[in-house]
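Colleague: There's a structure below that I have some questions on.
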Amino acid sequence: MAEKRVEDYVRTIPDFPEKGIMFRDITSVLQDADGLKLAIDEMQKLLEGVDFDVIAGAESRGFILGTPIAYNLHKPFVLVRKKGKLPCETIEETYDLEYGTATVEMHKDAIKPGQKVVIVDDLIATGGTIEAACKLVERLGGEVVKIVFLLELAGLEGRKKLQKYDVQTVISYPGK
């Protein structure tokens, strides 16, 4: 029997949220112990040989995937949250959505000048959230040395917004 890959745990739901979209659902990865372990292990492999100080993750699935990697590698974990969710002094970055805007925040003391940062999230679609997270890291004096995603929807061309960064994904789907 062939060894399972992360793709084998991802559930595809056709026509969600609208006709023509193939929704890639990672809840099926997370709710299977073997799938979750494999996803974390595969994302962590993408960090082999990378010199970094901190892992940052975007709300909320970036927390789920980034925290165990930070734990395994004995690195601190920094939260990138939706506006109004962090209790201490923050900096914020607003970015465009298909309809409207969104704002993410990070604590002002989360990244120290000169720190090398890896950003983790579940999915790269249009790239807006992680582009905003990179700007927050850089405004605090950090350097984004790598961005790791579990999934990529290549048809949405999110890599274009992140082209100045080292971006890697475990799985890349050609469509949207």
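For the structure tokens, the naming scheme is as follows: chains receive sequential letters (A, B, ...) according to their order of presentation, residues are indexed from 1 within each chain, and ligands are indexed from 1 in presentation order.
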Write out as a PyMOL selection string which residues come within 12 Å of A:Gly35 when counting only C-alpha atoms, dropping same-chain ones fewer than 2 positions away.

Modeller: chain A and resi 3-11+26-33+37-42+150

Colleague: Can I get the selected residues back with N, CA, C and O atoms, as a compact mmCIF listing (two decimals), in the first residue's frame?

Modeller:
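That gives us part28.txt:
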# COMPACT_ATOMS: atom_id res chain seq x y z
N GLU A 3 2.25 4.98 0.60
CA GLU A 3 2.21 5.90 1.73
C GLU A 3 1.30 7.08 1.41
O GLU A 3 1.32 7.61 0.30
N LYS A 4 0.51 7.50 2.39
CA LYS A 4 -0.43 8.60 2.14
C LYS A 4 0.31 9.93 2.08
O LYS A 4 1.35 10.13 2.72
N ARG A 5 -0.26 10.84 1.28
CA ARG A 5 0.26 12.20 1.16
C ARG A 5 -0.77 13.15 1.77
O ARG A 5 -1.93 12.78 1.92
N VAL A 6 -0.37 14.36 2.05
CA VAL A 6 -1.30 15.34 2.63
C VAL A 6 -2.52 15.51 1.72
O VAL A 6 -3.66 15.59 2.20
N GLU A 7 -2.29 15.50 0.41
CA GLU A 7 -3.39 15.65 -0.55
C GLU A 7 -4.50 14.63 -0.33
O GLU A 7 -5.67 14.90 -0.59
N ASP A 8 -4.11 13.44 0.14
CA ASP A 8 -5.09 12.38 0.36
C ASP A 8 -6.07 12.70 1.48
O ASP A 8 -7.13 12.08 1.57
N TYR A 9 -5.70 13.64 2.34
CA TYR A 9 -6.56 14.02 3.47
C TYR A 9 -7.40 15.26 3.19
O TYR A 9 -8.32 15.57 3.94
N VAL A 10 -7.07 16.00 2.13
CA VAL A 10 -7.81 17.23 1.80
C VAL A 10 -9.11 16.84 1.11
O VAL A 10 -9.11 16.10 0.13
N ARG A 11 -10.21 17.38 1.63
CA ARG A 11 -11.53 17.12 1.05
C ARG A 11 -11.84 18.22 0.05
O ARG A 11 -11.68 19.40 0.36
N ILE A 26 -9.51 21.90 4.54
CA ILE A 26 -8.47 21.27 5.36
C ILE A 26 -8.98 20.76 6.69
O ILE A 26 -8.22 20.16 7.44
N THR A 27 -10.26 20.97 7.00
CA THR A 27 -10.76 20.41 8.27
C THR A 27 -10.61 18.89 8.28
O THR A 27 -10.39 18.30 9.33
N SER A 28 -10.70 18.28 7.11
CA SER A 28 -10.52 16.82 7.01
C SER A 28 -9.07 16.42 7.31
O SER A 28 -8.82 15.30 7.76
N VAL A 29 -8.13 17.31 7.09
CA VAL A 29 -6.73 17.07 7.45
C VAL A 29 -6.57 17.17 8.96
O VAL A 29 -5.99 16.30 9.61
N LEU A 30 -7.13 18.24 9.52
CA LEU A 30 -6.97 18.52 10.94
C LEU A 30 -7.65 17.48 11.83
O LEU A 30 -7.16 17.17 12.91
N GLN A 31 -8.78 16.94 11.38
CA GLN A 31 -9.53 16.02 12.24
C GLN A 31 -9.06 14.57 12.13
O GLN A 31 -9.61 13.69 12.78
N ASP A 32 -8.01 14.34 11.36
CA ASP A 32 -7.42 13.01 11.26
C ASP A 32 -6.01 13.10 11.87
O ASP A 32 -5.18 13.89 11.41
N ALA A 33 -5.75 12.32 12.91
CA ALA A 33 -4.45 12.42 13.60
C ALA A 33 -3.27 12.21 12.65
O ALA A 33 -2.28 12.94 12.72
N LYS A 37 -0.57 15.19 11.62
CA LYS A 37 0.86 14.98 11.83
C LYS A 37 1.63 15.13 10.52
O LYS A 37 2.66 15.79 10.46
N LEU A 38 1.08 14.55 9.45
CA LEU A 38 1.74 14.63 8.15
C LEU A 38 1.81 16.08 7.66
O LEU A 38 2.84 16.53 7.16
N ALA A 39 0.72 16.84 7.82
CA ALA A 39 0.71 18.24 7.39
C ALA A 39 1.77 19.06 8.13
O ALA A 39 2.54 19.80 7.51
N ILE A 40 1.82 18.90 9.44
CA ILE A 40 2.82 19.63 10.25
C ILE A 40 4.23 19.21 9.84
O ILE A 40 5.11 20.05 9.62
N ASP A 41 4.45 17.91 9.72
CA ASP A 41 5.78 17.41 9.34
C ASP A 41 6.22 17.94 7.97
O ASP A 41 7.38 18.34 7.79
N GLU A 42 5.30 17.93 7.00
CA GLU A 42 5.64 18.39 5.65
C GLU A 42 5.93 19.90 5.62
O GLU A 42 6.84 20.35 4.92
N LEU A 150 0.28 25.45 3.65
CA LEU A 150 -0.09 24.07 3.40
C LEU A 150 -0.61 23.93 1.97
O LEU A 150 -0.18 23.05 1.24

Colleague: Per residue of stretch 99-165 of chain A within 10 Å of stretch 43-65 of chain A, note the shortest atom pair and the distance in Å to one decimal, counting only C-alpha atoms, and order the rows by chain and increasing residue number, as JSON lines.

Modeller:
{"residue": "A:Val104", "atom": "CA", "partner": "A:Ala58", "partner_atom": "CA", "distance": 8.7}
{"residue": "A:Glu105", "atom": "CA", "partner": "A:Ala58", "partner_atom": "CA", "distance": 9.7}
{"residue": "A:Met106", "atom": "CA", "partner": "A:Ala56", "partner_atom": "CA", "distance": 9.6}
{"residue": "A:Ala110", "atom": "CA", "partner": "A:Ala56", "partner_atom": "CA", "distance": 9.3}
{"residue": "A:Ile111", "atom": "CA", "partner": "A:Val54", "partner_atom": "CA", "distance": 8.0}
{"residue": "A:Lys112", "atom": "CA", "partner": "A:Val54", "partner_atom": "CA", "distance": 9.7}
{"residue": "A:Gly114", "atom": "CA", "partner": "A:Asp53", "partner_atom": "CA", "distance": 9.5}
{"residue": "A:Gln115", "atom": "CA", "partner": "A:Asp53", "partner_atom": "CA", "distance": 5.9}
{"residue": "A:Lys116", "atom": "CA", "partner": "A:Phe52", "partner_atom": "CA", "distance": 4.7}
{"residue": "A:Val117", "atom": "CA", "partner": "A:Val54", "partner_atom": "CA", "distance": 4.9}
{"residue": "A:Val118", "atom": "CA", "partner": "A:Ile55", "partner_atom": "CA", "distance": 4.8}
{"residue": "A:Ile119", "atom": "CA", "partner": "A:Ala56", "partner_atom": "CA", "distance": 4.7}
{"residue": "A:Val120", "atom": "CA", "partner": "A:Gly57", "partner_atom": "CA", "distance": 4.9}
{"residue": "A:Asp121", "atom": "CA", "partner": "A:Gly62", "partner_atom": "CA", "distance": 3.9}
{"residue": "A:Asp122", "atom": "CA", "partner": "A:Gly62", "partner_atom": "CA", "distance": 5.7}
{"residue": "A:Leu123", "atom": "CA", "partner": "A:Arg61", "partner_atom": "CA", "distance": 8.6}
{"residue": "A:Thr129", "atom": "CA", "partner": "A:Ala58", "partner_atom": "CA", "distance": 7.7}
{"residue": "A:Ile130", "atom": "CA", "partner": "A:Ala58", "partner_atom": "CA", "distance": 7.4}
{"residue": "A:Ala132", "atom": "CA", "partner": "A:Ala58", "partner_atom": "CA", "distance": 10.0}
{"residue": "A:Ala133", "atom": "CA", "partner": "A:Ala58", "partner_atom": "CA", "distance": 7.5}
{"residue": "A:Cys134", "atom": "CA", "partner": "A:Ala56", "partner_atom": "CA", "distance": 9.5}
{"residue": "A:Val137", "atom": "CA", "partner": "A:Ala56", "partner_atom": "CA", "distance": 8.8}
{"residue": "A:Gly142", "atom": "CA", "partner": "A:Val54", "partner_atom": "CA", "distance": 9.5}
{"residue": "A:Glu143", "atom": "CA", "partner": "A:Phe52", "partner_atom": "CA", "distance": 9.2}
{"residue": "A:Val144", "atom": "CA", "partner": "A:Phe52", "partner_atom": "CA", "distance": 8.9}
{"residue": "A:Val145", "atom": "CA", "partner": "A:Phe52", "partner_atom": "CA", "distance": 7.1}
{"residue": "A:Lys146", "atom": "CA", "partner": "A:Val50", "partner_atom": "CA", "distance": 8.0}
{"residue": "A:Ile147", "atom": "CA", "partner": "A:Leu47", "partner_atom": "CA", "distance": 9.3}
{"residue": "A:Val148", "atom": "CA", "partner": "A:Met43", "partner_atom": "CA", "distance": 6.7}
{"residue": "A:Phe149", "atom": "CA", "partner": "A:Met43", "partner_atom": "CA", "distance": 7.2}
{"residue": "A:Leu150", "atom": "CA", "partner": "A:Met43", "partner_atom": "CA", "distance": 6.6}

Colleague: Quick one: everything within 7 Å of A:Gly158, counting only C-alpha atoms, minus sequence neighbours fewer than 2 positions away in the same chain. Send it as a list in words.

Modeller: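 My reading of the contact set: Ile124, Ala125, Thr126, Gly127, Leu156, Lys160, Lys161 and Leu162 of chain A.
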
Colleague: Could you pull out all residues of stretch 128-167 of chain A with a DSSP call of strand (DSSP E) and give them as a PDB file with all heavy atoms, in the first residue's frame?

Modeller:
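Once everything was written out, this is out_38.pdb:
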ATOM      1  N   GLU A 143      12.801  40.704   9.529  1.00  0.00           N
ATOM      2  CA  GLU A 143      13.034  40.307   8.149  1.00  0.00           C
ATOM      3  C   GLU A 143      12.279  39.005   7.896  1.00  0.00           C
ATOM      4  O   GLU A 143      12.484  38.011   8.614  1.00  0.00           O
ATOM      5  CB  GLU A 143      14.536  40.074   7.914  1.00  0.00           C
ATOM      6  CG  GLU A 143      14.853  39.546   6.543  1.00  0.00           C
ATOM      7  CD  GLU A 143      16.297  39.074   6.409  1.00  0.00           C
ATOM      8  OE1 GLU A 143      17.080  39.178   7.365  1.00  0.00           O
ATOM      9  OE2 GLU A 143      16.624  38.571   5.313  1.00  0.00           O
ATOM     10  N   VAL A 144      11.404  38.994   6.903  1.00  0.00           N
ATOM     11  CA  VAL A 144      10.690  37.773   6.527  1.00  0.00           C
ATOM     12  C   VAL A 144      11.640  36.928   5.682  1.00  0.00           C
ATOM     13  O   VAL A 144      11.997  37.310   4.574  1.00  0.00           O
ATOM     14  CB  VAL A 144       9.391  38.099   5.742  1.00  0.00           C
ATOM     15  CG1 VAL A 144       8.709  36.809   5.291  1.00  0.00           C
ATOM     16  CG2 VAL A 144       8.450  38.952   6.586  1.00  0.00           C
ATOM     17  N   VAL A 145      12.042  35.784   6.229  1.00  0.00           N
ATOM     18  CA  VAL A 145      13.011  34.945   5.526  1.00  0.00           C
ATOM     19  C   VAL A 145      12.345  33.791   4.778  1.00  0.00           C
ATOM     20  O   VAL A 145      12.959  33.200   3.887  1.00  0.00           O
ATOM     21  CB  VAL A 145      14.113  34.408   6.469  1.00  0.00           C
ATOM     22  CG1 VAL A 145      14.967  35.551   6.992  1.00  0.00           C
ATOM     23  CG2 VAL A 145      13.531  33.581   7.600  1.00  0.00           C
ATOM     24  N   LYS A 146      11.087  33.489   5.115  1.00  0.00           N
ATOM     25  CA  LYS A 146      10.369  32.429   4.407  1.00  0.00           C
ATOM     26  C   LYS A 146       8.894  32.508   4.764  1.00  0.00           C
ATOM     27  O   LYS A 146       8.534  32.917   5.869  1.00  0.00           O
ATOM     28  CB  LYS A 146      10.911  31.045   4.775  1.00  0.00           C
ATOM     29  CG  LYS A 146      10.380  29.943   3.885  1.00  0.00           C
ATOM     30  CD  LYS A 146      11.257  28.706   4.015  1.00  0.00           C
ATOM     31  CE  LYS A 146      10.978  27.768   2.891  1.00  0.00           C
ATOM     32  NZ  LYS A 146      12.050  27.639   1.946  1.00  0.00           N
ATOM     33  N   ILE A 147       8.062  32.099   3.805  1.00  0.00           N
ATOM     34  CA  ILE A 147       6.624  31.974   4.026  1.00  0.00           C
ATOM     35  C   ILE A 147       6.240  30.567   3.614  1.00  0.00           C
ATOM     36  O   ILE A 147       6.585  30.124   2.509  1.00  0.00           O
ATOM     37  CB  ILE A 147       5.827  33.006   3.203  1.00  0.00           C
ATOM     38  CG1 ILE A 147       6.305  34.427   3.506  1.00  0.00           C
ATOM     39  CG2 ILE A 147       4.327  32.862   3.497  1.00  0.00           C
ATOM     40  CD1 ILE A 147       5.737  35.480   2.552  1.00  0.00           C
ATOM     41  N   VAL A 148       5.529  29.865   4.507  1.00  0.00           N
ATOM     42  CA  VAL A 148       5.153  28.476   4.259  1.00  0.00           C
ATOM     43  C   VAL A 148       3.636  28.337   4.353  1.00  0.00           C
ATOM     44  O   VAL A 148       3.023  28.777   5.322  1.00  0.00           O
ATOM     45  CB  VAL A 148       5.833  27.541   5.290  1.00  0.00           C
ATOM     46  CG1 VAL A 148       5.360  26.108   5.117  1.00  0.00           C
ATOM     47  CG2 VAL A 148       7.346  27.621   5.162  1.00  0.00           C
ATOM     48  N   PHE A 149       3.068  27.711   3.334  1.00  0.00           N
ATOM     49  CA  PHE A 149       1.632  27.423   3.289  1.00  0.00           C
ATOM     50  C   PHE A 149       1.412  25.926   3.150  1.00  0.00           C
ATOM     51  O   PHE A 149       2.228  25.238   2.526  1.00  0.00           O
ATOM     52  CB  PHE A 149       0.975  28.095   2.072  1.00  0.00           C
ATOM     53  CG  PHE A 149       1.032  29.591   2.076  1.00  0.00           C
ATOM     54  CD1 PHE A 149       2.017  30.256   1.360  1.00  0.00           C
ATOM     55  CD2 PHE A 149       0.092  30.339   2.765  1.00  0.00           C
ATOM     56  CE1 PHE A 149       2.067  31.634   1.331  1.00  0.00           C
ATOM     57  CE2 PHE A 149       0.128  31.723   2.749  1.00  0.00           C
ATOM     58  CZ  PHE A 149       1.117  32.378   2.039  1.00  0.00           C
ATOM     59  N   LEU A 150       0.284  25.454   3.648  1.00  0.00           N
ATOM     60  CA  LEU A 150      -0.095  24.071   3.400  1.00  0.00           C
ATOM     61  C   LEU A 150      -0.608  23.935   1.966  1.00  0.00           C
ATOM     62  O   LEU A 150      -0.176  23.054   1.238  1.00  0.00           O
ATOM     63  CB  LEU A 150      -1.165  23.613   4.401  1.00  0.00           C
ATOM     64  CG  LEU A 150      -1.594  22.150   4.283  1.00  0.00           C
ATOM     65  CD1 LEU A 150      -0.419  21.212   4.524  1.00  0.00           C
ATOM     66  CD2 LEU A 150      -2.729  21.852   5.257  1.00  0.00           C
ATOM     67  N   LEU A 151      -1.516  24.833   1.553  1.00  0.00           N
ATOM     68  CA  LEU A 151      -2.138  24.762   0.230  1.00  0.00           C
ATOM     69  C   LEU A 151      -1.941  26.050  -0.556  1.00  0.00           C
ATOM     70  O   LEU A 151      -1.892  27.131   0.024  1.00  0.00           O
ATOM     71  CB  LEU A 151      -3.654  24.561   0.335  1.00  0.00           C
ATOM     72  CG  LEU A 151      -4.211  23.421   1.133  1.00  0.00           C
ATOM     73  CD1 LEU A 151      -5.726  23.492   1.129  1.00  0.00           C
ATOM     74  CD2 LEU A 151      -3.753  22.101   0.585  1.00  0.00           C
ATOM     75  N   GLU A 152      -1.923  25.907  -1.867  1.00  0.00           N
ATOM     76  CA  GLU A 152      -1.902  27.057  -2.762  1.00  0.00           C
ATOM     77  C   GLU A 152      -2.974  26.877  -3.822  1.00  0.00           C
ATOM     78  O   GLU A 152      -3.091  25.797  -4.409  1.00  0.00           O
ATOM     79  CB  GLU A 152      -0.538  27.180  -3.446  1.00  0.00           C
ATOM     80  CG  GLU A 152      -0.483  28.266  -4.494  1.00  0.00           C
ATOM     81  CD  GLU A 152       0.885  28.418  -5.151  1.00  0.00           C
ATOM     82  OE1 GLU A 152       1.716  27.483  -5.035  1.00  0.00           O
ATOM     83  OE2 GLU A 152       1.120  29.458  -5.777  1.00  0.00           O
ATOM     84  N   LEU A 153      -3.748  27.922  -4.057  1.00  0.00           N
ATOM     85  CA  LEU A 153      -4.674  27.972  -5.182  1.00  0.00           C
ATOM     86  C   LEU A 153      -3.986  28.818  -6.248  1.00  0.00           C
ATOM     87  O   LEU A 153      -4.135  30.038  -6.288  1.00  0.00           O
ATOM     88  CB  LEU A 153      -6.014  28.581  -4.760  1.00  0.00           C
ATOM     89  CG  LEU A 153      -6.729  27.852  -3.612  1.00  0.00           C
ATOM     90  CD1 LEU A 153      -8.016  28.572  -3.253  1.00  0.00           C
ATOM     91  CD2 LEU A 153      -6.988  26.399  -3.959  1.00  0.00           C
ATOM     92  N   VAL A 167       8.627  31.784  -0.925  1.00  0.00           N
ATOM     93  CA  VAL A 167       7.325  31.181  -0.632  1.00  0.00           C
ATOM     94  C   VAL A 167       7.351  29.718  -1.040  1.00  0.00           C
ATOM     95  O   VAL A 167       7.746  29.387  -2.162  1.00  0.00           O
ATOM     96  CB  VAL A 167       6.192  31.902  -1.406  1.00  0.00           C
ATOM     97  CG1 VAL A 167       4.852  31.211  -1.200  1.00  0.00           C
ATOM     98  CG2 VAL A 167       6.121  33.370  -1.006  1.00  0.00           C
TER      99      VAL A 167
END

Colleague: Tell me, which residues of stretch 58-132 of chain A carry DSSP alpha helix (DSSP H), written as a ChimeraX atom specification?

Modeller: /A:61-73,128-132

Colleague: Which residue out of A:Pro113, A:Gly155, A:Gly128, A:Pro76 has the minimum interatomic distance to A:Gly141 when only C-alpha atoms are used?

Modeller: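 Using only C-alpha atoms, A:Gly141 sits closest to A:Pro113.
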
Colleague: What lies within 10 Å of A:Ile21 using only C-alpha atoms, ignoring chain neighbours under 5 positions off, as a ChimeraX atom specification?

Modeller: /A:12-16,175-176

Colleague: Rounded to one decimal place, report the atom CA of A:Pro17-atom CA of A:Gly84 distance in Å.

Modeller: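 Rounded to one decimal, the two atoms are 27.3 Å apart.
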
Colleague: In Å to one decimal, how far is atom CA of A:Ser172 from atom CA of A:Ala2?

Modeller: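 For atom CA of A:Ala2 relative to atom CA of A:Ser172, the distance reads 20.5 Å.
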